[in-house]
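Chemist: The structure that follows is given in the form of structure tokens.
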Amino acid sequence: MAIYLTKEKQAEIFKEYGGIETNTGSTEGQIALFTYRIQQLSEHLKTNRKDHSCRRSLLALVGKRKQLLSYLAKKDLQKYRELIEKLGLRK
């Protein structure tokens, strides 16, 4: 993990979205974690435009998040709608 993501921050994200902080396998928690990492990488790329490995990592995370979101939408539509509203993903 990168330096911007401490164990405390990760536990906080999983506690807020996954129920308890040790529930790291929850779909909602993973989507929230990916969203946080995507935001951090986007901020990094605003100042470091030529960091292509970071850009590739960002695109990979976006793809993973998209897969998890489609899985959650098929599994439980109500949780999906609550999560995208809470994270502010759709405008």
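Starting from 1 in every chain, residues are counted up; chains themselves are A, B, ... following the order of the structure tokens, and ligands are numbered from 1 as listed.
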Considering only C-alpha atoms, return as an MDAnalysis selection string whatever protein or nucleic-acid residues lie within 8 Å of stretch 30-47 of chain A, sequence-local ones (same chain, fewer than 3 positions apart) excluded.
Modeler: chainID A and resid 4:5 10 13:14 17 24:27 50:51 54:55 58 61:62 65 68:69 87
Chemist: What does the file look like for those residues with N, CA and C atoms, as a short mmCIF file (atom, residue, chain, number, x, y, z; two decimals), in the first residue's frame?
Modeler:
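Here's the written file result.cif:
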data_model
loop_
_atom_site.label_atom_id
_atom_site.label_comp_id
_atom_site.auth_asym_id
_atom_site.auth_seq_id
_atom_site.Cartn_x
_atom_site.Cartn_y
_atom_site.Cartn_z
N TYR A 4 0.07 7.10 1.65
CA TYR A 4 -1.10 7.91 1.99
C TYR A 4 -2.20 7.10 2.67
N LEU A 5 -2.10 5.77 2.63
CA LEU A 5 -3.14 4.92 3.20
C LEU A 5 -2.58 4.19 4.41
N GLN A 10 -7.45 2.89 6.70
CA GLN A 10 -8.09 1.73 6.10
C GLN A 10 -9.14 1.14 7.04
N ILE A 13 -12.23 3.36 7.01
CA ILE A 13 -13.04 3.18 5.81
C ILE A 13 -13.88 1.91 5.91
N PHE A 14 -13.25 0.80 6.33
CA PHE A 14 -13.99 -0.45 6.42
C PHE A 14 -15.02 -0.41 7.56
N TYR A 17 -18.04 1.71 6.02
CA TYR A 17 -18.77 1.14 4.89
C TYR A 17 -18.97 -0.37 4.98
N THR A 24 -12.81 -6.84 5.86
CA THR A 24 -12.16 -6.27 4.69
C THR A 24 -12.64 -6.91 3.39
N GLY A 25 -13.43 -7.96 3.47
CA GLY A 25 -13.92 -8.62 2.28
C GLY A 25 -15.26 -8.12 1.80
N SER A 26 -15.87 -7.21 2.53
CA SER A 26 -17.18 -6.72 2.12
C SER A 26 -17.08 -5.93 0.83
N THR A 27 -18.04 -6.11 -0.03
CA THR A 27 -18.03 -5.43 -1.32
C THR A 27 -18.10 -3.93 -1.13
N LYS A 50 3.24 13.44 -15.88
CA LYS A 50 3.99 12.45 -16.66
C LYS A 50 4.22 11.14 -15.91
N ASP A 51 3.57 10.95 -14.81
CA ASP A 51 3.71 9.72 -14.03
C ASP A 51 2.79 8.65 -14.64
N CYS A 54 1.60 5.58 -12.47
CA CYS A 54 0.51 5.96 -11.59
C CYS A 54 -0.81 6.02 -12.36
N ARG A 55 -0.76 6.53 -13.58
CA ARG A 55 -1.96 6.60 -14.42
C ARG A 55 -2.48 5.20 -14.73
N LEU A 58 -4.17 3.87 -11.69
CA LEU A 58 -5.47 4.52 -11.54
C LEU A 58 -6.51 3.85 -12.44
N LEU A 61 -7.54 0.51 -11.00
CA LEU A 61 -8.44 0.66 -9.86
C LEU A 61 -9.86 1.02 -10.30
N VAL A 62 -9.96 1.88 -11.30
CA VAL A 62 -11.28 2.26 -11.81
C VAL A 62 -11.98 1.04 -12.38
N ARG A 65 -13.12 -1.21 -9.50
CA ARG A 65 -14.27 -0.63 -8.82
C ARG A 65 -15.53 -0.81 -9.66
N LEU A 68 -16.80 -4.36 -9.26
CA LEU A 68 -17.45 -4.56 -7.96
C LEU A 68 -18.80 -3.86 -7.91
N LEU A 69 -18.89 -2.68 -8.51
CA LEU A 69 -20.17 -1.96 -8.53
C LEU A 69 -21.22 -2.73 -9.33
N LEU A 87 -21.09 7.73 -1.48
CA LEU A 87 -19.75 8.04 -2.01
C LEU A 87 -19.76 9.19 -3.00
#
Chemist: Name the residues of chain A that come out as alpha helix (DSSP H) in a backbone DSSP run; write them as a PyMOL selection string.
Modeler: chain A and resi 7-18+27-47+52-75+77-87
Chemist: Would you work out the distance separating atom CA of A:His52 from atom CA of A:Gln67, expressed in Å to one decimal?
Modeler: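 Computing it gives 22.8 Å between the two atoms.
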Chemist: Go through A:Arg49, A:Glu8, A:Leu83, A:Gln78 one by one, measure the shortest atom-to-atom distance of each to A:Gly29 using only C-alpha atoms, and give the residue with the smallest value.
Modeler: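 Under the stated criterion, the closest residue is A:Leu83.
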